[in-house]
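Worksheet: the structure to be examined is printed underneath.
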Amino acid sequence: MLLVIDIGNTNTVFALHSGTDWVARWRSSTDSRRTADDYAVWLGALMAMEGLQLSQIKACILSSVVPQAKFNFRNLSRRYFDAEPVFVGEPDTRLGIPIRITRPEQVGADRLVAAIGAHQLYPGPLLVIDSGTATTFDVIGADGGFEGGIISPGINLSMRALHDAAAQLPRIAIERPAQVIGQNTVEAMQSGVFWGYVNLIDGLVRQVKDEYKAEMTVVATGGVASLFEGASDTIDHFDQSLMEVGLLEVYRRNMND
């Protein structure tokens, strides 16, 4: 089996592919201090609950935006899977897509992998919205090429900044408020953040479409994307599988070349 690992700033997603199907998927908080042994114990216990064993993993591919985490994940693959891991973003890892921006080396591995995954699943051109620590909007051409995008603070980051910077504002959960006009401080904060982000998304999608001058399929992914389902009128699909599908495709392209 192939283990794909998407290491984000906030969460890390692990998924297993049997060669024909996805077998299991788990999410953990990202902690660069966790050792290879820590991950092996955690992953082994979860696999056992599914009737699986670590020894069944024969290959591993990873995407990471946390450089400090690479060392321990590389050790995890070498020590417990007896496999040299494939890291997206390293010079010898081929993506197989054109990157049409002025500084290709600056694009995060997560954005490129999501682009590849989206292109495998949906017709282009595409606009991929990834809601995580940051909220990114990436334009993918009809041929799968990465054509640029937008980076804005994520909704959780904005909520935390509001609490940290204003002494009288509490830390609250993000949820859709019953109405736009809040009747107390918590409702007012929830409305500002939730509807502020919905309008950020919808406004930027419309601007991108106006500038791109072509029909686009809009796909949302990421840890908090589901919050906006039913609220945004510009998102066509909500799909949490883009990273796994993209990593699987990158692995196949590197193994088949």
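Ordered as shown in the structure tokens, chains take letters A, B, and onward, while each chain numbers its residues from 1 and ligands are numbered from 1 in the order shown.
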Residues of stretch 42-121 of chain A at most 12 Å from stretch 221-228 of chain A: nearest atom pair and distance in Å, only C-alpha atoms, as JSON lines:
{"residue": "A:Asp110", "atom": "CA", "partner": "A:Gly222", "partner_atom": "CA", "distance": 10.6}
{"residue": "A:Arg111", "atom": "CA", "partner": "A:Thr221", "partner_atom": "CA", "distance": 11.0}
{"residue": "A:Ala114", "atom": "CA", "partner": "A:Thr221", "partner_atom": "CA", "distance": 8.6}
{"residue": "A:Ala115", "atom": "CA", "partner": "A:Thr221", "partner_atom": "CA", "distance": 11.0}
{"residue": "A:Gly117", "atom": "CA", "partner": "A:Thr221", "partner_atom": "CA", "distance": 10.8}
{"residue": "A:Ala118", "atom": "CA", "partner": "A:Thr221", "partner_atom": "CA", "distance": 9.7}
Please produce a file of the residues just selected, as a JSON list (two decimals), in the first residue's frame, where the atoms kept are C-alpha atoms.
[["chain", "number", "residue", "atom", "x", "y", "z"],
["A", 110, "ASP", "CA", 0.41, 22.09, -1.18],
["A", 111, "ARG", "CA", -0.92, 24.48, -3.82],
["A", 114, "ALA", "CA", -4.10, 20.49, -4.97],
["A", 115, "ALA", "CA", -3.90, 21.83, -8.54],
["A", 117, "GLY", "CA", -5.65, 16.70, -7.84],
["A", 118, "ALA", "CA", -8.30, 19.13, -9.04]]
Which of stretch 78-256 of chain A fall in alpha helix (DSSP H), as a PyMOL selection string = chain A and resi 78-80+109-121+155-165+185-212+242-256
Closest pair table for stretch 42-157 of chain A residues within 10 Å of stretch 229-247 of chain A, only C-alpha atoms, as a tab-separated table:
residue	atom	partner	partner_atom	distance
A:Cys60	CA	A:Leu247	CA	9.8
A:Ile61	CA	A:Leu247	CA	6.8
A:Leu62	CA	A:Leu247	CA	7.3
A:Ser63	CA	A:Leu247	CA	7.5
A:Val86	CA	A:Leu247	CA	9.7
A:Phe87	CA	A:Leu247	CA	9.6
A:Val88	CA	A:Leu247	CA	8.2
A:Leu95	CA	A:Gly246	CA	9.6
A:Asp110	CA	A:Met243	CA	7.4
A:Arg111	CA	A:Met243	CA	8.9
A:Leu112	CA	A:Gly246	CA	8.4
A:Val113	CA	A:Gly246	CA	4.9
A:Ala114	CA	A:Met243	CA	5.0
A:Ala115	CA	A:Gly246	CA	7.3
A:Ile116	CA	A:Gly246	CA	5.0
A:Gly117	CA	A:Gly246	CA	3.7
A:Ala118	CA	A:Leu242	CA	5.7
A:His119	CA	A:Gly246	CA	8.6
A:Gln120	CA	A:Val245	CA	7.6
A:Leu121	CA	A:Leu242	CA	8.2
A:Tyr122	CA	A:His237	CA	9.4
A:Leu127	CA	A:Ile235	CA	9.2
A:Val128	CA	A:Ile235	CA	9.4
A:Ile129	CA	A:Ile235	CA	8.7
A:Asp130	CA	A:Gln240	CA	9.5
Contact residues around stretch 165-169 of chain A with only C-alpha atoms at 9 Å, ignoring same-chain residues under 5 positions, as a compact mmCIF listing (two decimals) with C-alpha atoms, in the first residue's frame:
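The resulting result.txt:
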# COMPACT_ATOMS: atom_id res chain seq x y z
CA ARG A 160 -7.28 34.38 16.64
CA THR A 185 -20.51 40.51 21.06
CA VAL A 186 -20.20 36.81 20.23
CA MET A 189 -17.85 38.46 15.91
request  = Would you kindly return, as JSON, numbers by chain, each protein, DNA or RNA residue with an atom no farther than 12 Å from any atom of A:Glu105, considering only C-alpha atoms and excluding same-chain residues fewer than 4 positions away?
outcome  = {"A": [89, 90, 91, 99, 100, 101, 109, 112]}
Limited to N, CA and C atoms, could you put the picked residues into a file as a short mmCIF file (atom, residue, chain, number, x, y, z; two decimals), in the first residue's frame?
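Result file again.cif:
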data_model
loop_
_atom_site.label_atom_id
_atom_site.label_comp_id
_atom_site.auth_asym_id
_atom_site.auth_seq_id
_atom_site.Cartn_x
_atom_site.Cartn_y
_atom_site.Cartn_z
N GLY A 89 8.30 18.89 -4.13
CA GLY A 89 9.07 20.11 -3.94
C GLY A 89 10.57 19.89 -3.98
N GLU A 90 11.01 18.64 -3.84
CA GLU A 90 12.44 18.37 -3.95
C GLU A 90 12.82 18.27 -5.43
N PRO A 91 14.06 18.61 -5.77
CA PRO A 91 14.47 18.72 -7.18
C PRO A 91 14.22 17.49 -8.02
N ILE A 99 4.26 25.57 -14.80
CA ILE A 99 3.99 26.57 -13.75
C ILE A 99 4.23 27.93 -14.38
N ARG A 100 3.17 28.63 -14.70
CA ARG A 100 3.25 29.85 -15.50
C ARG A 100 3.19 31.10 -14.63
N ILE A 101 4.16 31.23 -13.72
CA ILE A 101 4.27 32.45 -12.92
C ILE A 101 5.72 32.89 -12.93
N ALA A 109 4.24 23.63 -2.05
CA ALA A 109 3.96 22.27 -2.55
C ALA A 109 2.49 21.94 -2.43
N LEU A 112 0.44 23.27 -5.42
CA LEU A 112 0.67 22.53 -6.67
C LEU A 112 0.01 21.16 -6.63
#
query = Could you pull the residues within 9 Å of A:Pro98, counting only C-alpha atoms, minus those fewer than 3 positions along the same chain, as a list in words?
reply =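 Listing them by chain and then by number gives Leu95, Asp143, Gly144, Gly145, Phe146 and Glu147 of chain A.
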Same residues, C-alpha atoms, output as a compact mmCIF listing (two decimals), in the first residue's frame:
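Written output follows (part-v5.txt):
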# COMPACT_ATOMS: atom_id res chain seq x y z
CA LEU A 95 5.16 17.20 -11.11
CA ASP A 143 -4.19 21.78 -19.56
CA GLY A 144 -3.54 21.56 -15.81
CA GLY A 145 -0.97 24.37 -15.75
CA PHE A 146 -0.63 26.51 -12.62
CA GLU A 147 -1.34 30.11 -13.65
request  = Name the residues in contact with A:Leu157 at a cut-off of 10 Å, using only C-alpha atoms, excluding same-chain residues fewer than 3 positions from it; report them as a PyMOL selection string.
outcome  = chain A and resi 132-135+153-154+160-162
